[in-house]
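Colleague: The following file, final-v4.cif, comprises mmCIF, C-alpha atoms and all ligand atoms:
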```cif
data_run
loop_
_atom_site.label_atom_id
_atom_site.label_comp_id
_atom_site.auth_asym_id
_atom_site.auth_seq_id
_atom_site.Cartn_x
_atom_site.Cartn_y
_atom_site.Cartn_z
CA MET A 1 -6.46 -0.59 28.37
CA THR A 2 -3.99 1.17 26.18
CA ASN A 3 -3.44 -0.21 22.74
CA SER A 4 -0.05 1.42 22.17
CA LEU A 5 3.45 0.30 23.04
CA VAL A 6 6.27 2.53 24.23
CA ILE A 7 9.87 1.39 23.69
CA SER A 8 12.82 3.48 24.80
CA LYS A 9 15.59 0.94 25.28
CA LYS A 10 17.81 -0.81 22.76
CA VAL A 11 18.20 -4.57 22.95
CA LYS A 12 21.38 -5.84 24.69
CA SER A 13 23.40 -8.70 23.25
CA PHE A 14 21.62 -12.07 23.43
CA ASN A 15 22.08 -15.77 22.70
CA LYS A 16 18.68 -17.46 22.52
CA ILE A 17 16.61 -20.27 21.02
CA ILE A 18 13.03 -19.50 19.96
CA LYS A 19 10.16 -21.09 18.08
CA VAL A 20 7.66 -18.90 16.23
CA SER A 21 4.05 -19.81 15.38
CA GLY A 22 2.82 -21.90 12.44
CA ASP A 23 3.02 -20.63 8.87
CA LYS A 24 0.03 -18.47 7.95
CA SER A 25 -0.12 -19.37 4.24
CA ILE A 26 0.06 -23.10 4.99
CA SER A 27 -2.43 -22.84 7.90
CA ILE A 28 -5.09 -21.13 5.76
CA ARG A 29 -4.54 -23.55 2.87
CA TRP A 30 -4.81 -26.52 5.22
CA VAL A 31 -8.17 -25.22 6.52
CA LEU A 32 -9.48 -24.79 2.96
CA PHE A 33 -8.25 -28.15 1.60
CA ALA A 34 -9.49 -29.99 4.72
CA SER A 35 -12.91 -28.38 4.29
CA LEU A 36 -13.38 -30.28 1.01
CA ALA A 37 -11.71 -33.51 2.12
CA GLN A 38 -13.68 -36.74 2.53
CA GLY A 39 -13.25 -37.34 6.26
CA VAL A 40 -11.45 -35.98 9.30
CA SER A 41 -8.23 -33.92 8.97
CA ARG A 42 -6.02 -32.94 11.89
CA ALA A 43 -3.37 -30.23 12.22
CA LYS A 44 -0.74 -29.61 14.88
CA ASN A 45 0.93 -26.23 15.32
CA LEU A 46 -1.81 -24.51 13.32
CA LEU A 47 -1.36 -20.74 13.54
CA ILE A 48 -4.06 -19.58 15.93
CA SER A 49 -4.40 -16.00 14.76
CA GLU A 50 -7.32 -13.92 13.57
CA ASP A 51 -6.67 -14.62 9.87
CA VAL A 52 -6.75 -18.39 10.43
CA LEU A 53 -9.69 -18.29 12.86
CA THR A 54 -11.52 -16.24 10.24
CA ALA A 55 -10.84 -19.01 7.70
CA ILE A 56 -12.23 -21.57 10.15
CA LYS A 57 -15.33 -19.44 10.71
CA ALA A 58 -15.80 -19.17 6.95
CA ILE A 59 -15.84 -22.94 6.45
CA ASN A 60 -18.16 -23.28 9.49
CA LYS A 61 -20.58 -20.99 7.67
CA LEU A 62 -20.30 -23.30 4.66
CA GLY A 63 -21.54 -26.15 6.85
CA ILE A 64 -18.21 -27.73 7.87
CA LYS A 65 -17.66 -28.62 11.53
CA THR A 66 -14.36 -27.95 13.30
CA LYS A 67 -12.79 -28.35 16.74
CA ILE A 68 -9.89 -26.35 18.14
CA ASN A 69 -7.87 -27.11 21.23
CA ARG A 70 -4.87 -24.75 21.65
CA ASN A 71 -2.98 -25.07 18.38
CA PHE A 72 -4.45 -28.49 17.53
CA CYS A 73 -7.35 -28.40 15.10
CA VAL A 74 -9.73 -30.98 13.65
CA ILE A 75 -11.84 -30.43 10.52
CA PHE A 76 -14.71 -32.76 9.63
CA GLY A 77 -14.72 -32.57 5.82
CA LYS A 78 -17.79 -33.77 3.95
CA GLY A 79 -16.21 -34.26 0.55
CA ILE A 80 -15.71 -32.19 -2.56
CA ASN A 81 -19.42 -31.26 -2.78
CA GLY A 82 -19.96 -31.10 0.98
CA TYR A 83 -20.58 -27.38 1.45
CA ASN A 84 -24.09 -26.74 2.70
CA TYR A 85 -25.29 -23.25 3.60
CA LYS A 86 -28.26 -21.00 3.72
CA LYS A 87 -29.34 -18.46 1.13
CA ASN A 88 -27.86 -14.95 1.22
CA LEU A 89 -24.74 -16.15 3.01
CA ILE A 90 -22.21 -13.49 4.01
CA ILE A 91 -18.58 -14.47 4.55
CA ASN A 92 -16.39 -11.95 6.38
CA ALA A 93 -12.69 -12.33 5.46
CA LYS A 94 -11.83 -9.52 7.93
CA ASN A 95 -8.15 -8.59 7.31
CA SER A 96 -7.16 -11.66 5.29
CA GLY A 97 -6.41 -11.19 1.59
CA THR A 98 -5.34 -14.83 1.38
CA LEU A 99 -8.66 -16.14 2.70
CA GLY A 100 -10.76 -13.64 0.71
CA ARG A 101 -9.06 -14.39 -2.58
CA LEU A 102 -8.49 -18.13 -2.22
CA ILE A 103 -11.99 -19.02 -1.05
CA LEU A 104 -13.54 -17.47 -4.16
CA GLY A 105 -11.90 -20.25 -6.20
CA PHE A 106 -13.67 -22.87 -4.09
CA LEU A 107 -17.00 -21.01 -4.35
CA ILE A 108 -16.91 -20.85 -8.16
CA ASN A 109 -19.73 -23.45 -8.45
CA THR A 110 -22.03 -22.15 -5.68
CA THR A 111 -25.70 -22.42 -6.49
CA ASN A 112 -26.67 -19.52 -4.23
CA LYS A 113 -25.03 -16.14 -4.38
CA ILE A 114 -22.53 -15.43 -1.59
CA LYS A 115 -21.39 -12.02 -0.38
CA LEU A 116 -17.78 -11.48 0.68
CA ILE A 117 -16.94 -8.60 2.99
CA GLY A 118 -13.78 -7.52 4.83
CA ASP A 119 -12.38 -4.95 7.26
CA LYS A 120 -11.33 -1.40 6.37
CA SER A 121 -7.90 -2.49 5.09
CA LEU A 122 -9.17 -5.44 3.01
CA SER A 123 -11.94 -3.26 1.58
CA LYS A 124 -9.28 -1.03 0.02
CA ARG A 125 -7.53 -3.94 -1.74
CA ASP A 126 -7.92 -5.12 -5.33
CA PHE A 127 -10.33 -8.03 -5.84
CA LYS A 128 -10.69 -7.51 -9.59
CA ARG A 129 -7.38 -9.37 -9.92
CA VAL A 130 -9.25 -12.57 -8.91
CA SER A 131 -12.79 -11.84 -10.13
CA ASP A 132 -11.45 -11.25 -13.68
CA PRO A 133 -9.94 -14.73 -14.18
CA LEU A 134 -12.72 -16.43 -12.19
CA SER A 135 -15.38 -14.78 -14.41
CA LYS A 136 -13.80 -16.49 -17.41
CA PHE A 137 -14.73 -19.87 -15.89
CA GLY A 138 -18.37 -18.78 -16.06
CA ALA A 139 -19.04 -17.35 -12.58
CA LYS A 140 -20.44 -13.83 -12.24
CA PHE A 141 -19.31 -11.14 -9.85
CA LYS A 142 -20.55 -7.82 -8.56
CA LEU A 143 -17.87 -5.66 -6.91
CA LYS A 144 -17.97 -2.24 -5.30
CA ASN A 145 -16.48 0.24 -7.81
CA ASN A 146 -15.80 -2.79 -10.05
CA LYS A 147 -12.75 -3.58 -7.94
CA HIS A 148 -13.41 -3.74 -4.20
CA LEU A 149 -15.29 -5.50 -1.43
CA PRO A 150 -18.12 -5.99 -0.71
CA LEU A 151 -18.30 -8.45 -3.56
CA THR A 152 -21.02 -10.92 -4.54
CA ILE A 153 -20.19 -14.16 -6.33
CA PHE A 154 -22.83 -15.91 -8.44
CA GLY A 155 -21.37 -19.36 -9.09
CA SER A 156 -22.15 -21.58 -12.06
CA LYS A 157 -22.67 -25.30 -12.61
CA ASN A 158 -21.62 -24.85 -16.18
CA LEU A 159 -17.93 -23.99 -15.80
CA LYS A 160 -15.42 -23.96 -18.62
CA PRO A 161 -11.65 -24.37 -18.15
CA ILE A 162 -9.51 -21.31 -18.87
CA LYS A 163 -6.02 -20.30 -19.95
CA TYR A 164 -4.62 -17.80 -17.45
CA LEU A 165 -1.48 -15.68 -17.45
CA GLU A 166 -0.53 -14.59 -13.91
CA LYS A 167 1.95 -11.72 -14.37
CA ARG A 168 2.17 -10.16 -10.91
CA GLY A 169 3.85 -13.02 -9.06
CA SER A 170 0.76 -13.29 -6.82
CA ALA A 171 0.28 -16.66 -5.14
CA GLN A 172 -3.21 -15.61 -4.11
CA CYS A 173 -4.34 -15.08 -7.73
CA LYS A 174 -2.60 -18.27 -8.86
CA SER A 175 -4.12 -20.35 -6.04
CA SER A 176 -7.60 -19.00 -6.56
CA VAL A 177 -7.48 -20.10 -10.22
CA ILE A 178 -6.03 -23.51 -9.27
CA PHE A 179 -8.96 -24.04 -6.87
CA ALA A 180 -11.48 -23.03 -9.56
CA GLY A 181 -9.72 -25.37 -12.03
CA MET A 182 -10.12 -28.20 -9.51
CA ARG A 183 -13.91 -27.77 -9.75
CA THR A 184 -14.13 -27.51 -13.55
CA ASN A 185 -14.43 -30.21 -16.25
CA GLY A 186 -11.50 -30.07 -18.67
CA GLU A 187 -7.97 -28.77 -18.29
CA THR A 188 -7.18 -25.30 -16.95
CA THR A 189 -3.74 -24.01 -17.95
CA ILE A 190 -1.88 -21.41 -15.92
CA LYS A 191 1.34 -19.65 -16.81
CA ALA A 192 2.35 -18.03 -13.53
CA LYS A 193 5.23 -15.75 -12.62
CA LYS A 194 7.16 -17.37 -9.75
CA SER A 195 5.46 -17.04 -6.36
CA ARG A 196 5.02 -19.13 -3.22
CA ASN A 197 3.99 -22.67 -4.22
CA HIS A 198 2.28 -24.08 -1.12
CA THR A 199 -0.97 -24.73 -3.02
CA GLU A 200 0.85 -26.78 -5.65
CA LEU A 201 2.69 -28.76 -2.93
CA PHE A 202 -0.61 -29.53 -1.18
CA CYS A 203 -2.07 -30.75 -4.49
CA LYS A 204 0.96 -32.91 -5.16
CA HIS A 205 0.89 -34.40 -1.67
CA LEU A 206 -2.84 -35.17 -2.06
CA ASN A 207 -2.26 -36.75 -5.50
CA LEU A 208 -4.65 -34.32 -7.18
CA PRO A 209 -4.67 -34.07 -10.99
CA ILE A 210 -2.26 -31.16 -11.38
CA THR A 211 1.12 -30.90 -13.11
CA VAL A 212 3.72 -28.17 -12.71
CA LYS A 213 6.55 -27.55 -15.19
CA LYS A 214 9.12 -25.18 -13.80
CA ARG A 215 10.56 -22.71 -16.31
CA LYS A 216 13.13 -20.04 -15.48
CA LYS A 217 10.75 -17.16 -14.73
CA TYR A 218 7.34 -18.79 -15.01
CA ASP A 219 5.72 -22.04 -13.96
CA GLU A 220 3.32 -23.86 -16.29
CA ILE A 221 0.52 -25.42 -14.30
CA LYS A 222 -2.20 -27.73 -15.62
CA VAL A 223 -5.22 -28.52 -13.42
CA ASN A 224 -8.03 -31.02 -14.03
CA LYS A 225 -11.27 -31.65 -12.19
CA VAL A 226 -10.81 -33.19 -8.75
CA GLN A 227 -13.17 -36.03 -7.75
CA LYS A 228 -12.02 -36.61 -4.20
CA ILE A 229 -9.64 -35.10 -1.64
CA LYS A 230 -8.36 -37.39 1.09
CA PRO A 231 -8.08 -36.06 4.65
CA ILE A 232 -4.79 -34.39 5.44
CA ASN A 233 -2.98 -34.61 8.78
CA TYR A 234 -0.38 -31.87 8.98
CA ASN A 235 2.27 -30.77 11.46
CA ILE A 236 2.56 -27.18 10.32
CA PRO A 237 6.09 -25.71 10.18
CA SER A 238 6.87 -22.30 11.65
CA ASP A 239 6.47 -19.16 9.58
CA ILE A 240 9.53 -17.60 7.94
CA SER A 241 7.65 -14.29 7.65
CA SER A 242 7.21 -14.21 11.44
CA SER A 243 10.83 -15.38 11.90
CA ALA A 244 11.97 -12.47 9.71
CA PHE A 245 11.48 -9.93 12.52
CA PHE A 246 13.84 -11.84 14.80
CA ILE A 247 16.31 -12.59 12.01
CA VAL A 248 16.63 -8.83 11.49
CA LEU A 249 16.71 -8.05 15.22
CA THR A 250 19.71 -10.38 15.49
CA ALA A 251 21.39 -9.06 12.35
CA LEU A 252 21.24 -5.51 13.76
CA ALA A 253 22.17 -6.37 17.38
CA LYS A 254 25.69 -6.48 18.87
CA ASN A 255 27.41 -9.85 19.51
CA SER A 256 24.21 -11.85 19.37
CA ILE A 257 23.16 -15.30 18.22
CA LEU A 258 19.67 -16.65 17.63
CA LEU A 259 18.42 -20.12 16.71
CA ILE A 260 14.85 -20.31 15.33
CA LYS A 261 13.45 -23.84 15.35
CA ASP A 262 11.47 -25.73 12.68
CA VAL A 263 11.00 -22.97 10.12
CA ASN A 264 9.52 -23.52 6.65
CA ILE A 265 12.34 -22.76 4.19
CA ASN A 266 10.43 -23.45 0.97
CA SER A 267 12.63 -21.96 -1.77
CA SER A 268 9.76 -19.71 -2.90
CA ARG A 269 9.75 -18.08 0.57
CA VAL A 270 13.41 -17.55 1.48
CA GLY A 271 14.05 -14.32 -0.44
CA ILE A 272 14.90 -12.62 2.86
CA ILE A 273 17.67 -15.13 3.56
CA THR A 274 19.23 -14.64 0.11
CA ILE A 275 18.98 -10.85 0.40
CA LEU A 276 20.39 -10.63 3.94
CA LYS A 277 23.26 -12.99 3.11
CA LYS A 278 24.16 -10.72 0.20
CA MET A 279 24.16 -7.84 2.70
CA GLY A 280 26.65 -9.62 4.95
CA VAL A 281 24.40 -11.25 7.57
CA LYS A 282 25.59 -14.65 8.77
CA ILE A 283 22.75 -17.15 8.42
CA ASN A 284 22.90 -20.95 8.40
CA TYR A 285 20.38 -23.76 8.17
CA GLU A 286 20.69 -26.66 10.60
CA ASN A 287 18.77 -29.92 10.87
CA LYS A 288 17.29 -29.70 7.34
CA ARG A 289 14.41 -32.01 6.47
CA ILE A 290 11.34 -32.33 4.22
CA SER A 291 7.74 -32.91 5.26
CA LYS A 292 4.75 -32.95 2.87
CA GLY A 293 7.05 -31.57 0.17
CA GLU A 294 7.90 -28.51 2.33
CA LYS A 295 11.54 -27.92 3.36
CA ILE A 296 12.06 -27.24 7.05
CA ALA A 297 15.16 -26.25 9.05
CA ASP A 298 16.38 -24.51 12.17
CA ILE A 299 17.79 -21.11 11.22
CA LYS A 300 20.89 -19.78 12.98
CA ILE A 301 21.66 -16.07 12.74
CA LYS A 302 24.70 -14.18 14.02
CA SER A 303 24.88 -10.42 14.29
CA SER A 304 27.15 -8.65 11.86
CA ASN A 305 29.58 -5.76 12.37
CA SER A 306 29.59 -4.62 8.77
CA LEU A 307 26.48 -4.64 6.64
CA LYS A 308 26.72 -4.08 2.90
CA PRO A 309 24.16 -2.22 0.77
CA ILE A 310 22.30 -4.15 -1.91
CA LYS A 311 21.00 -3.53 -5.41
CA CYS A 312 18.22 -6.05 -4.93
CA PRO A 313 17.61 -8.30 -7.97
CA PRO A 314 13.83 -8.02 -8.69
CA GLU A 315 13.58 -11.78 -9.24
CA LEU A 316 13.95 -12.05 -5.44
CA ASN A 317 10.92 -9.79 -4.81
CA SER A 318 8.14 -12.35 -4.75
CA GLY A 319 10.06 -14.66 -2.37
CA ALA A 320 10.50 -11.78 0.10
CA ILE A 321 7.29 -9.85 -0.56
CA ASP A 322 6.11 -9.82 3.07
CA GLU A 323 9.58 -9.08 4.46
CA PHE A 324 10.63 -5.86 2.75
CA LEU A 325 9.75 -3.56 5.65
CA VAL A 326 12.25 -5.32 7.93
CA ILE A 327 14.77 -5.74 5.12
CA PHE A 328 14.68 -1.92 4.75
CA LEU A 329 15.88 -1.66 8.38
CA VAL A 330 19.00 -3.65 7.47
CA ALA A 331 19.55 -1.31 4.51
CA ALA A 332 19.25 1.63 6.95
CA LYS A 333 22.32 0.34 8.81
CA ALA A 334 24.34 -0.74 5.76
CA LYS A 335 27.33 1.32 4.62
CA GLY A 336 26.10 2.81 1.33
CA ILE A 337 23.00 3.13 -0.81
CA SER A 338 20.62 0.22 -1.28
CA TYR A 339 18.13 0.06 -4.14
CA PHE A 340 14.94 -1.99 -4.41
CA LYS A 341 12.83 -1.82 -7.58
CA ASP A 342 9.74 -3.32 -9.29
CA LEU A 343 7.99 -3.24 -5.92
CA ALA A 344 4.61 -1.71 -6.86
CA GLU A 345 2.92 -4.77 -5.29
CA LEU A 346 4.12 -3.62 -1.85
CA ASN A 347 1.60 -0.78 -1.95
CA GLN A 348 -1.17 -3.38 -2.49
CA LYS A 349 -0.74 -5.02 0.92
CA GLU A 350 -2.60 -4.49 4.22
CA SER A 351 -1.28 -0.91 4.07
CA PRO A 352 0.70 0.84 1.29
CA ARG A 353 3.92 -0.68 2.59
CA LEU A 354 6.41 0.98 0.29
CA ARG A 355 5.12 4.33 1.55
CA TRP A 356 5.16 3.10 5.16
CA GLY A 357 8.71 1.82 4.75
CA GLU A 358 9.71 5.30 3.60
CA LYS A 359 7.82 7.00 6.46
CA ILE A 360 9.44 4.86 9.15
CA LEU A 361 12.94 5.33 7.69
CA ASN A 362 12.50 9.09 7.30
CA GLN A 363 11.30 9.42 10.91
CA MET A 364 14.45 7.53 11.93
CA GLY A 365 16.55 10.12 10.08
CA ILE A 366 17.38 7.94 7.07
CA LYS A 367 17.28 9.57 3.64
CA THR A 368 15.23 7.78 0.96
CA ILE A 369 14.15 8.42 -2.60
CA THR A 370 10.90 6.65 -3.37
CA THR A 371 8.84 6.26 -6.54
CA LYS A 372 5.61 4.31 -6.89
CA ASN A 373 7.55 1.09 -7.37
CA SER A 374 11.08 1.62 -6.01
CA ILE A 375 13.06 2.89 -3.04
CA LYS A 376 16.65 4.05 -2.59
CA ILE A 377 17.85 3.88 1.01
CA TYR A 378 20.88 5.88 2.12
CA GLY A 379 22.28 3.66 4.88
CA ASN A 380 24.06 5.01 7.95
CA PRO A 381 26.08 2.45 9.99
CA ASN A 382 26.46 5.02 12.81
CA LEU A 383 22.77 5.82 13.13
CA ILE A 384 21.72 6.57 16.71
CA ILE A 385 18.22 7.88 17.33
CA ASN A 386 17.64 10.24 20.25
CA LYS A 387 14.24 11.66 19.38
CA LYS A 388 10.62 10.70 19.87
CA ILE A 389 9.01 8.66 17.08
CA ILE A 390 5.27 8.07 16.79
CA ILE A 391 3.81 5.39 14.51
CA LYS A 392 0.05 5.53 13.99
CA ASN A 393 -2.81 5.51 11.45
CA TYR A 394 -1.27 2.72 9.38
CA LEU A 395 -4.51 0.76 8.80
CA LYS A 396 -3.49 -1.59 11.63
CA ASP A 397 -1.03 -3.35 9.33
CA HIS A 398 0.54 -6.03 11.57
CA ARG A 399 3.84 -5.87 9.71
CA VAL A 400 4.16 -2.09 10.18
CA PHE A 401 3.69 -2.58 13.93
CA MET A 402 6.23 -5.42 14.21
CA THR A 403 8.79 -3.64 11.99
CA SER A 404 8.52 -0.55 14.20
CA VAL A 405 9.16 -2.63 17.32
CA ILE A 406 12.30 -4.12 15.74
CA ALA A 407 13.46 -0.63 14.66
CA ALA A 408 12.96 0.73 18.19
CA LEU A 409 14.90 -2.15 19.78
CA SER A 410 17.68 -1.90 17.19
CA PHE A 411 18.27 1.85 16.78
CA GLY A 412 17.08 3.42 20.06
CA GLY A 413 15.03 6.61 20.47
CA LYS A 414 11.72 6.87 22.23
CA TRP A 415 9.01 5.14 20.18
CA LYS A 416 5.29 5.15 20.70
CA ILE A 417 3.69 2.58 18.41
CA TYR A 418 -0.11 2.50 18.22
CA ASP A 419 -2.48 -0.41 17.49
CA LYS A 420 -0.65 -3.18 19.31
CA ASP A 421 -3.69 -5.40 18.60
CA SER A 422 -2.71 -5.54 14.94
CA ILE A 423 -0.39 -8.49 15.68
CA LYS A 424 -3.45 -10.66 16.36
CA THR A 425 -3.96 -11.19 12.62
CA SER A 426 -0.71 -13.07 11.98
CA PHE A 427 1.43 -13.40 15.10
CA PRO A 428 -0.37 -13.01 18.45
CA ASN A 429 2.63 -14.10 20.55
CA PHE A 430 5.11 -11.74 18.83
CA LEU A 431 5.56 -9.56 21.94
CA LYS A 432 5.97 -12.60 24.21
CA ILE A 433 8.91 -13.74 22.09
CA VAL A 434 10.33 -10.20 22.03
CA ASN A 435 10.22 -10.21 25.83
CA LYS A 436 11.94 -13.60 25.98
CA ILE A 437 14.79 -12.21 23.85
CA ILE A 438 15.25 -8.88 25.61
CA LYS A 439 15.16 -10.31 29.14
C1 LIG A 501 0.12 -15.03 0.24
C2 LIG A 501 0.58 -14.42 -0.90
C3 LIG A 501 1.15 -13.07 -0.92
C4 LIG A 501 1.54 -12.59 0.47
C5 LIG A 501 0.47 -12.88 1.48
C6 LIG A 501 0.20 -14.37 1.57
C7 LIG A 501 -0.44 -16.40 0.15
O1 LIG A 501 0.19 -12.17 -1.46
O2 LIG A 501 1.82 -11.22 0.45
O3 LIG A 501 0.85 -12.40 2.76
O4 LIG A 501 -0.59 -17.07 1.19
O5 LIG A 501 -0.75 -16.83 -0.96
P1 LIG A 501 0.04 -11.91 -3.06
O6 LIG A 501 -0.49 -13.15 -3.67
O7 LIG A 501 -0.92 -10.77 -3.15
O8 LIG A 501 1.41 -11.55 -3.52
#
```
Please render this file's structure as C-alpha cells.

Modeller:
Amino acid sequence: MTNSLVISKKVKSFNKIIKVSGDKSISIRWVLFASLAQGVSRAKNLLISEDVLTAIKAINKLGIKTKINRNFCVIFGKGINGYNYKKNLIINAKNSGTLGRLILGFLINTTNKIKLIGDKSLSKRDFKRVSDPLSKFGAKFKLKNNKHLPLTIFGSKNLKPIKYLEKRGSAQCKSSVIFAGMRTNGETTIKAKKSRNHTELFCKHLNLPITVKKRKKYDEIKVNKVQKIKPINYNIPSDISSSAFFIVLTALAKNSILLIKDVNINSSRVGIITILKKMGVKINYENKRISKGEKIADIKIKSSNSLKPIKCPPELNSGAIDEFLVIFLVAAKAKGISYFKDLAELNQKESPRLRWGEKILNQMGIKTITTKNSIKIYGNPNLIINKKIIIKNYLKDHRVFMTSVIAALSFGGKWKIYDKDSIKTSFPNFLKIVNKIIK
C-alpha cells in the first residue's frame, strides 16, 4: 500500500459542519492524572491517536489497568503511590514530546531506574530542558550526549522542593516540574512564561494544593505535596490545533463557511484565532460554555476576499506554537509582507518547523527570508500553482503533512505528499474530514 497522497485539485466552495477529535494535550494529561487517582476515571471523546495510546501503554507498564472502547476510556487508578513495575523498565514515548517530558515529573520518586526511549524524531529533541530542573529536586539522570533520548531516570525518595524559572514558554517543562512538585514535601515555586495551562486547570478542578498568580508576562505557581487525587470523569473537548487546518482551509477558500463543533478555546491556546482575525479572517464563537475550567465553543469561519499581512506580536507565539505552519499559508496569500519573530522554539518540534515552513512556501513560489528564529513572508494574493510539488523526508511530522494537504487544496498544483501515516500521532481521521469537506 502506498503511503503517499497525491492532490491535484483545489477545493470548491463549501458550507459544512464538522467535529474534530479530542484535544491531545488534555487527553494525555487526563491519562496521566487518572493513573495516580484513587479509583476509576472515565473519559469520553478521548483522542484515540498514537500519542495518546502510547501514554496509555506507558501507564499500563507502570501497573495501571485501562479499558478502551472506541473513544471511551476507563482508567483504574491505584492512588498516588500506586505505580508498580518490574526492574529495568523501559518506557517508549514514541513520537510524543508531551508524554516523554510530562511523565518524568511523575517518575521523580521511582525506586528503580527507568529508561525512556522514543522514535527517530523524539530522539533528536531536547530532554535536558526537563532533566535539568528535575535533577534539582534530587533525581538523577543519564542522557545520550547529555541532552537526548535514550534517557535513564534514577528517582529519589529524598526530594527537595525547587525554585524554577521557565523562560521558553514551554508547557511541557512547566507541567513536568508541577508534577514533580506534587510528589515533593515542601513548596515548589515556578515562575513560568505564559504557555498552555491545562495542567493548572486539572489541578484546580481536582482541588490539589497549587496556586497560580497571573502576572502580565509570567505566571507564579506554587505547588505542595499531593496526598490524594480523586478520580476524574472528563468529556474531552475537541482540539483547536486539529481545527486549525480547517480554519485555514476555509479562510483561503472562495465563498465558504465552516462550523467546527465543541472546540477547546482556552485563552492560552487561541493564538491562531487572534492572529487570523488580525489578518482579516472572519471568525466567531457560538454556544460558548465552560467545563472543568476549560472554555469551549463552536467556531464559525467565513472565507475572506482580502487578507492582510501581519507583524505578529511575539507574545502571541506560545498560544499558537503548533499552528504556525498553517498560519504561514495565510500569510502566503495576504497582500504584503508578514513577519514572525522570536520563533526559535519552532525548530525544536517534531521536525524543524520554521525550516519546513520556509521549504513549503518556497516550493509554492513564495519568497521568504528566514533566520534561525524569524521568517518574513512575501504574500501574493494572486498565487496560482501549476507545477509539481513533492513533500518528503520531514521526519514524519504530522503537522507538515497536514499543512501540505491544506496548501494543495488551497493553491492548486500537483502535490505528492509522502508519509500519510504521520497523521496517526495526533489526528487519525484528518483525511476523512477533508473528504467530507471536499465532496
Ligand atoms: C504541549 C506543549 C507544547 C506543544 C505541544 C503540546 C503540551 O510544547 O508544542 O504540541 O501539551 O504541553 P512545548 O512545551 O515544547 O512548547

Colleague: Find, counting only C-alpha atoms and all ligand atoms, the residue in A:Val177, A:Cys312, A:Val248, A:Leu383 that gets nearest to ligand LIG 501 (chain A).

Modeller: A:Val177

Colleague: Excluding Arg289 (chain A) and any residue of its chain fewer than 4 positions from it, enumerate the residues within 10 Å of it, using only C-alpha atoms, and give them as a list in words.

Modeller: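 So, after excluding close chain neighbours, the residues are Asp262, Asn264, Ile265, Gly293, Glu294, Lys295, Ile296, Ala297 and Asp298 of chain A.
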
Colleague: Tell me which protein, DNA and RNA residues are within 12 Å of Asp322 (chain A), counting all atoms listed in the file, leaving out same-chain ones fewer than 2 positions away, and put them as a CSV table (one decimal) with C-alpha atoms, keeping the file's coordinate frame.

Modeller:
```csv
chain,number,residue,atom,x,y,z
A,24,LYS,CA,0.0,-18.5,8.0
A,25,SER,CA,-0.1,-19.4,4.2
A,170,SER,CA,0.8,-13.3,-6.8
A,195,SER,CA,5.5,-17.0,-6.4
A,196,ARG,CA,5.0,-19.1,-3.2
A,239,ASP,CA,6.5,-19.2,9.6
A,240,ILE,CA,9.5,-17.6,7.9
A,241,SER,CA,7.6,-14.3,7.6
A,242,SER,CA,7.2,-14.2,11.4
A,243,SER,CA,10.8,-15.4,11.9
A,244,ALA,CA,12.0,-12.5,9.7
A,245,PHE,CA,11.5,-9.9,12.5
A,269,ARG,CA,9.8,-18.1,0.6
A,270,VAL,CA,13.4,-17.6,1.5
A,271,GLY,CA,14.0,-14.3,-0.4
A,272,ILE,CA,14.9,-12.6,2.9
A,316,LEU,CA,14.0,-12.0,-5.4
A,317,ASN,CA,10.9,-9.8,-4.8
A,318,SER,CA,8.1,-12.4,-4.8
A,319,GLY,CA,10.1,-14.7,-2.4
A,320,ALA,CA,10.5,-11.8,0.1
A,324,PHE,CA,10.6,-5.9,2.8
A,325,LEU,CA,9.8,-3.6,5.6
A,326,VAL,CA,12.2,-5.3,7.9
A,327,ILE,CA,14.8,-5.7,5.1
A,328,PHE,CA,14.7,-1.9,4.8
A,343,LEU,CA,8.0,-3.2,-5.9
A,345,GLU,CA,2.9,-4.8,-5.3
A,346,LEU,CA,4.1,-3.6,-1.8
A,347,ASN,CA,1.6,-0.8,-2.0
A,348,GLN,CA,-1.2,-3.4,-2.5
A,349,LYS,CA,-0.7,-5.0,0.9
A,350,GLU,CA,-2.6,-4.5,4.2
A,351,SER,CA,-1.3,-0.9,4.1
A,353,ARG,CA,3.9,-0.7,2.6
A,354,LEU,CA,6.4,1.0,0.3
A,397,ASP,CA,-1.0,-3.4,9.3
A,398,HIS,CA,0.5,-6.0,11.6
A,399,ARG,CA,3.8,-5.9,9.7
A,400,VAL,CA,4.2,-2.1,10.2
A,402,MET,CA,6.2,-5.4,14.2
A,403,THR,CA,8.8,-3.6,12.0
A,426,SER,CA,-0.7,-13.1,12.0
```

Colleague: Nearest to Ile221 (chain A): which of A:Phe340, A:Tyr164, A:Phe430, A:Tyr285 is it, counting all atoms listed in the file?

Modeller: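 Using all atoms listed in the file, the shortest distance to Ile221 (chain A) belongs to A:Tyr164.
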
Colleague: Using all atoms listed in the file, pick whichever of A:Met182, A:Ile433, A:Ile117, A:Ile80 has the shortest atom-to-atom distance to Thr152 (chain A).

Modeller: A:Ile117

Colleague: Any idea what the distance is between CA of Ile310 (chain A) and CA of Pro381 (chain A)?

Modeller: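 Pair CA of Ile310 (chain A) / CA of Pro381 (chain A) returns 14.1 Å.
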
Colleague: One number please: CA of Asn81 (chain A) to CA of Leu62 (chain A), in Å, one decimal.

Modeller: 10.9 Å

Colleague: Can you tell me which residues surround Gly63 (chain A) at a distance of at most 10 Å, considering all atoms listed in the file, apart from same-chain residues fewer than 4 positions away, and format the answer as a list of chain:residue names?

Modeller: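 Close residues of Gly63 (chain A): A:Ser35, A:Lys57, A:Ala58, A:Ile59, A:Phe76, A:Gly77, A:Lys78, A:Gly82, A:Tyr83, A:Asn84, A:Tyr85, A:Lys86.
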
Colleague: Check the smallest atom-to-atom distance from each of A:Glu315, A:Glu50, A:Asp132, A:Glu358 to Glu166 (chain A) using only C-alpha atoms, then report the winner.

Modeller: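 Of the candidates, the smallest distance to Glu166 (chain A) is held by A:Asp132.
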
Colleague: Figure out the distance between CA of His148 (chain A) and CA of Gly181 (chain A), please, to one decimal in Å.

Modeller: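 Going from CA of Gly181 (chain A) over to CA of His148 (chain A) covers 23.3 Å.
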
Colleague: Please write as a list of chain:residue names the list of polymer residues whose atoms come within 9 Å of (-17.1, -23.0, -20.2), counting only C-alpha atoms and keeping to the coordinates of the file.

Modeller: A:Lys136, A:Phe137, A:Gly138, A:Asn158, A:Leu159, A:Lys160, A:Pro161, A:Ile162, A:Thr184, A:Asn185

Colleague: Give me, as a PyMOL selection string, all polymer residues having an atom no more than 10 Å from region 29-33 of chain A, counting all atoms listed in the file and skipping those fewer than 5 positions away in the same chain.

Modeller: chain A and resi 24+41-43+46+52-53+55-56+58-59+66+73-75+77+80+98-99+102-103+106+175+179+198-199+202-203+206+229-234+236
